[in-house]
Amino acid sequence: MIDLRLPGGPGERPLTTEFPQKGSMILQRTMPPLLETPMAVFDEGVFTPNDRFYVRWHWGSFPTAIDAGAYRLTISGQVNTPLSLSLPELLAMPRVEVAAINQCAGNSRGLFEPRVAGAQWGHGAMGNARWTGVRLKDVLARAGVKAGAVAVQFGGLDEPLVEGAPDYLKSLDIDHALAGEVMLAFAMNGEPLPLLNGFPLRLVVPGWFSTYWMKMLATIEVLPAPDTNFWMAKAYRLPSGPGSTVAPGASGYAERPISTMVPRAFVTNLADGATLPMRAALPVRGLAMGGDASVKAVEISTDGGRRWQAAALGADEGRYSFRRFEAVVAPGAAGPMEILARCTNMDGATQPMAQTWNPGGYSRGGVERLQVSLA
Amino acid sequence: MSAPLLLGTLLLLAGCATPDAGAPGAGLRLESVAVELPFDAEPYPEFAGGPSAEAMNNNCLSCHSGSMVLAQPVLSKAGWAAEVAKMRNVYKAPVDPAEDAAIIAWLVAQSERVAAAAASGS
């Protein structure tokens with residue numbers, strides 16, 4: 001068992017090795033699978049191994065067998081030439097690679113206070129990989145986008161188990177789809193994707209929450225009007241105001257579809273709640289993300305945020321990647337200690353001290369507080 | 001020799017080059033995959049002296065595992081009623097309205113159990 005230390009409980013979760021192509025994962029739900037990456041994995045490096053990468057499916061019906069020869073991606077809607085592309089055809093197109101964090105919109109939802117219903121994740125519904133694939137804009141260019149195209153909608157092979165339930169579909173504005181960064185990935189960290197992470201093909205939307213990174217990508221439809229499907233118009237919505245935060249119980253505020261990620265930082269070499277032997281110098285190490293911009297700085301505080309010390313940054317793997325940070329703090333005296341890590345990105349966005357709250361439990365971005373005890 | 005060229009040469013030597021050896025993902029093959037997923041039909045726990053889990057087992061196990069419910073935080077009776085309504089109205093779960101009261105009673109008892117465990121520090 002592992003304790004996610006969720007306020008008010010229940011935080012205990014079993015570890016499981018029962019899932020195909022996966023090592024030890026935190027079991028949130030067996031069907032449809034919700035598997036969380038243990039925090040210790042993030043201490044091993046900035047790239048998350050495929051067999052430890054978190055898993056999140058909305059609907060219980062998706063194929064457990066994929067015939068690589070029969071797989072087709074269709075491109076339809078507002079295009080000159082509707083297409084049905086095989087995997088070999090996609091593999092033959094010009095390839096691109098990007099290091100990018102894939103983070104669930106609801107990552108850390110279990111830590112919201114007051115608590116909200118939904119997948120009760122700790123911080124492990126995220127991962128970072130080198131994604132290899134082809135540009136969405138190149139695929140759309142083959143089909144020829146017609147004038148008047150407004151959005152591009154993506155669908156995967158997952159289906160609702162019950163009739164009439166909303167199929168999982170997400171869309172991006174046409175300008176975003178054609179800008180060049182969005183890709184169709186057939187490899188992560190140099191290997192085919194694990195089936196549970198979307199084999200054989202998933203959308204990669206650098207800097208954006210994973211809700212848009214459609215797994216088992218099978219359909220691309222260019223739309224002549226904004227997407228009004230349930231998963232855009234009703235679900236995965238954020239308050240439009242600053243910090244995506246509202247007062248619990250608030251109503252009548254403006255909303256928008258969730259989009260880009262925000263800066264975050266996580267200490268990874270110390271377990272939250274751990275008791276450590278007293279020492280004069282305590283190394284603190286972790287991972288930071290800039291959201292939709294590069295990590296500029298990470299700072300550490302052990303006095304509740306009054307004073308901050310700069311952490312050293314590790315190798316820069318690109319704007320959308322995790323970046324390692326390291327510092328040494330001086331505990332001073334035995335007893336409880338709270339370690340805060342704060343990220344600032346190149347756009348100047350700094351994590352606020354106040355924690356995010358919204359009823360969906362999305363886009364947590366305030367400074368995290370790791371508690372240890374020195375004895 | 002640049003790093004990509006060197007890599008391309010190594011791949012050629014290894015006999016696994018593609019025409020664009022050295023490009024990202026060179027040599028990658030996508031083979032068919034078949035996996036088996038674990039199955040979970042674990043029924044909801046019965047609470048001694050509490051409401052029966054029968055309505056939960058009849059209505060709340062076909063779309064998702066019970067672990068999804070057992071992991072939820074403490075919710076009020078109104079909060080649970082809203083969740084049941086969401087499952088029926090939004091996600092089209094075939095929950096029998098006649099069983100709503102029994103479902104919500106069990107969920108409230110589950111929340112009481114979570115709250116008691118948190119209060120006792122376990």
# chains A, B, ... in the order shown; residues from 1 in each chain; ligands from 1
$ residues_around --residues "Leu30 in chain B" --least-positions-apart "4" --cutoff "8 Å" --atoms "only C-alpha atoms" --output "PyMOL selection string"
chain A and resi 68+87+192+200
$ residues_around --residues "Glu18 in chain A" --least-positions-apart "2" --cutoff "7 Å" --atoms "only C-alpha atoms" --output "CSV table (one decimal) with N, CA, C and O atoms, in the first residue's frame"
chain,number,residue,atom,x,y,z
A,16,THR,N,0.2,-2.0,-7.8
A,16,THR,CA,-0.2,-3.2,-8.7
A,16,THR,C,0.8,-3.4,-9.8
A,16,THR,O,1.4,-2.4,-10.3
A,20,PRO,N,-0.8,-4.8,-18.2
A,20,PRO,CA,0.2,-5.2,-19.3
A,20,PRO,C,1.1,-4.0,-19.6
A,20,PRO,O,0.6,-2.8,-19.6
B,38,PRO,N,-6.5,-6.8,-16.3
B,38,PRO,CA,-7.1,-7.4,-15.1
B,38,PRO,C,-8.6,-7.1,-15.0
B,38,PRO,O,-9.0,-6.1,-15.4
$ interface_residues --of "chain B" --to "chain A" --cutoff "10 Å" --atoms "only C-alpha atoms" --output "ChimeraX atom specification"
/B:19-20,23-41,61-75,79-80,83,87-94,111,113-119,121-122
$ residues_around --residues "range 361-372 of chain A" --least-positions-apart "4" --cutoff "7 Å" --atoms "only C-alpha atoms" --output "PyMOL selection string"
chain A and resi 105-106+108-109+112+116+261-264+272-275+336-342+351-357
$ write_last_selection --atoms "N, CA and C atoms" --output "short mmCIF file (atom, residue, chain, number, x, y, z; two decimals), in the first residue's frame"
data_model
loop_
_atom_site.label_atom_id
_atom_site.label_comp_id
_atom_site.auth_asym_id
_atom_site.auth_seq_id
_atom_site.Cartn_x
_atom_site.Cartn_y
_atom_site.Cartn_z
N ALA A 105 -5.49 16.81 -16.42
CA ALA A 105 -6.09 18.06 -15.93
C ALA A 105 -6.40 17.97 -14.43
N GLY A 106 -6.73 16.77 -13.99
CA GLY A 106 -7.09 16.56 -12.58
C GLY A 106 -5.94 16.06 -11.72
N SER A 108 -3.40 15.78 -8.95
CA SER A 108 -3.41 16.34 -7.59
C SER A 108 -4.82 16.68 -7.09
N ARG A 109 -5.86 16.23 -7.78
CA ARG A 109 -7.22 16.56 -7.34
C ARG A 109 -7.48 16.12 -5.91
N PHE A 112 -7.19 18.72 -3.18
CA PHE A 112 -8.03 19.92 -3.12
C PHE A 112 -8.72 19.99 -1.76
N VAL A 116 -13.10 17.50 -3.76
CA VAL A 116 -14.09 17.41 -4.84
C VAL A 116 -14.11 15.98 -5.37
N MET A 261 -1.05 24.31 -19.43
CA MET A 261 -0.65 23.98 -18.06
C MET A 261 0.03 25.19 -17.43
N VAL A 262 0.21 25.10 -16.13
CA VAL A 262 0.81 26.20 -15.36
C VAL A 262 2.07 25.68 -14.68
N PRO A 263 2.96 26.60 -14.21
CA PRO A 263 4.20 26.14 -13.57
C PRO A 263 3.91 25.33 -12.30
N ARG A 264 4.73 24.31 -12.10
CA ARG A 264 4.64 23.51 -10.87
C ARG A 264 6.03 23.01 -10.50
N ASP A 272 6.77 12.74 1.24
CA ASP A 272 5.93 13.57 2.11
C ASP A 272 5.58 12.77 3.36
N GLY A 273 5.79 13.38 4.52
CA GLY A 273 5.47 12.71 5.78
C GLY A 273 6.61 11.89 6.36
N ALA A 274 7.76 11.87 5.68
CA ALA A 274 8.88 11.03 6.13
C ALA A 274 9.52 11.57 7.40
N THR A 275 10.07 10.67 8.20
CA THR A 275 10.92 11.04 9.33
C THR A 275 12.37 10.76 8.92
N PRO A 336 9.50 19.10 13.12
CA PRO A 336 8.86 19.13 11.81
C PRO A 336 9.42 20.25 10.92
N MET A 337 9.48 19.99 9.64
CA MET A 337 9.93 21.00 8.68
C MET A 337 9.08 20.91 7.43
N GLU A 338 8.72 22.07 6.92
CA GLU A 338 7.94 22.13 5.69
C GLU A 338 8.84 22.67 4.59
N ILE A 339 8.93 21.93 3.48
CA ILE A 339 9.79 22.34 2.37
C ILE A 339 8.91 22.77 1.21
N LEU A 340 9.06 24.02 0.79
CA LEU A 340 8.28 24.57 -0.30
C LEU A 340 9.18 24.72 -1.53
N ALA A 341 8.68 24.36 -2.68
CA ALA A 341 9.40 24.56 -3.94
C ALA A 341 8.51 25.36 -4.87
N ARG A 342 9.07 26.40 -5.46
CA ARG A 342 8.28 27.34 -6.27
C ARG A 342 8.94 27.54 -7.63
N GLN A 351 4.41 30.38 -9.39
CA GLN A 351 3.38 29.67 -8.62
C GLN A 351 2.92 30.54 -7.45
N PRO A 352 1.61 30.69 -7.28
CA PRO A 352 1.11 31.45 -6.13
C PRO A 352 1.21 30.63 -4.84
N MET A 353 1.24 31.31 -3.70
CA MET A 353 1.24 30.60 -2.42
C MET A 353 -0.15 30.00 -2.15
N ALA A 354 -1.19 30.75 -2.53
CA ALA A 354 -2.55 30.24 -2.31
C ALA A 354 -2.81 29.12 -3.30
N GLN A 355 -3.48 28.07 -2.83
CA GLN A 355 -3.69 26.92 -3.68
C GLN A 355 -4.92 27.13 -4.57
N THR A 356 -4.87 26.49 -5.73
CA THR A 356 -5.97 26.53 -6.69
C THR A 356 -7.21 25.85 -6.11
N TRP A 357 -8.38 26.41 -6.36
CA TRP A 357 -9.60 25.65 -6.10
C TRP A 357 -10.64 25.94 -7.18
#
$ atom_distance --atom1 "CA of Arg285 in chain A" --atom2 "CA of Arg307 in chain A"
18.2 Å
$ select_by_dssp --residues "chain B" --states "helix (DSSP H, G or I)" --output "JSON, numbers by chain"
{"B": [3, 4, 5, 6, 7, 8, 9, 10, 11, 12, 13, 54, 55, 56, 57, 58, 59, 67, 68, 69, 70, 77, 78, 79, 80, 81, 82, 83, 84, 85, 86, 87, 88, 89, 97, 98, 99, 100, 101, 102, 103, 104, 105, 106, 107, 108, 109, 110, 111, 112, 113, 114, 115, 116, 117, 118, 119]}
$ atom_distance --atom1 "CA of Arg5 in chain A" --atom2 "CA of Asn358 in chain A"
20.2 Å
$ closest_residue --among "A:Gly127, A:Leu136, A:Ile174, A:Thr74" --to "Gly155 in chain A" --atoms "only C-alpha atoms"
A:Thr74
$ residues_around --residues "range 99-105 of chain B" --least-positions-apart "4" --cutoff "10 Å" --atoms "only C-alpha atoms" --output "PDB file with C-alpha atoms, in the first residue's frame"
ATOM      1  CA  GLY B  50     -25.534  -0.392   8.029  1.00  0.00           C
ATOM      2  CA  PRO B  51     -27.473  -0.104   4.770  1.00  0.00           C
ATOM      3  CA  SER B  52     -27.126  -3.021   2.364  1.00  0.00           C
ATOM      4  CA  ALA B  53     -24.690  -2.766  -0.543  1.00  0.00           C
ATOM      5  CA  GLU B  54     -27.090  -4.663  -2.800  1.00  0.00           C
ATOM      6  CA  ALA B  55     -28.277  -1.580  -4.697  1.00  0.00           C
ATOM      7  CA  MET B  56     -24.656  -0.498  -5.200  1.00  0.00           C
ATOM      8  CA  ASN B  57     -23.756  -3.913  -6.569  1.00  0.00           C
ATOM      9  CA  ASN B  58     -26.791  -3.881  -8.887  1.00  0.00           C
ATOM     10  CA  ASN B  59     -26.167  -0.419 -10.312  1.00  0.00           C
ATOM     11  CA  CYS B  60     -22.625   0.794  -9.734  1.00  0.00           C
ATOM     12  CA  SER B  76     -22.692  15.053   1.975  1.00  0.00           C
ATOM     13  CA  LYS B  77     -25.974  13.313   1.201  1.00  0.00           C
ATOM     14  CA  ALA B  78     -26.726  16.091  -1.313  1.00  0.00           C
ATOM     15  CA  GLY B  79     -23.231  15.660  -2.792  1.00  0.00           C
ATOM     16  CA  TRP B  80     -23.783  11.942  -3.307  1.00  0.00           C
ATOM     17  CA  ALA B  81     -27.260  12.531  -4.744  1.00  0.00           C
ATOM     18  CA  ALA B  82     -25.666  14.891  -7.270  1.00  0.00           C
ATOM     19  CA  GLU B  83     -23.096  12.235  -8.212  1.00  0.00           C
ATOM     20  CA  VAL B  84     -25.792   9.613  -8.748  1.00  0.00           C
ATOM     21  CA  ALA B  85     -27.777  12.101 -10.854  1.00  0.00           C
ATOM     22  CA  VAL B  95     -29.316   3.303 -12.594  1.00  0.00           C
ATOM     23  CA  ALA B 109     -22.564   5.303   5.298  1.00  0.00           C
ATOM     24  CA  GLN B 110     -19.330   4.893   3.324  1.00  0.00           C
ATOM     25  CA  SER B 111     -18.543   8.595   3.838  1.00  0.00           C
TER      26      SER B 111
END
$ residues_around --residues "Asn345 in chain A" --least-positions-apart "6" --cutoff "12 Å" --atoms "only C-alpha atoms" --output "ChimeraX atom specification"
/A:261-265,288-299,319-320,322-323,351
$ select_by_dssp --residues "range 128-359 of chain A" --states "strand (DSSP E)" --output "ChimeraX atom specification"
/A:128-135,151-156,169-173,183-188,191-192,202-204,217-223,237-239,255-257,264-267,275-276,282-289,295-301,309-310,312-313,323-329,335-345
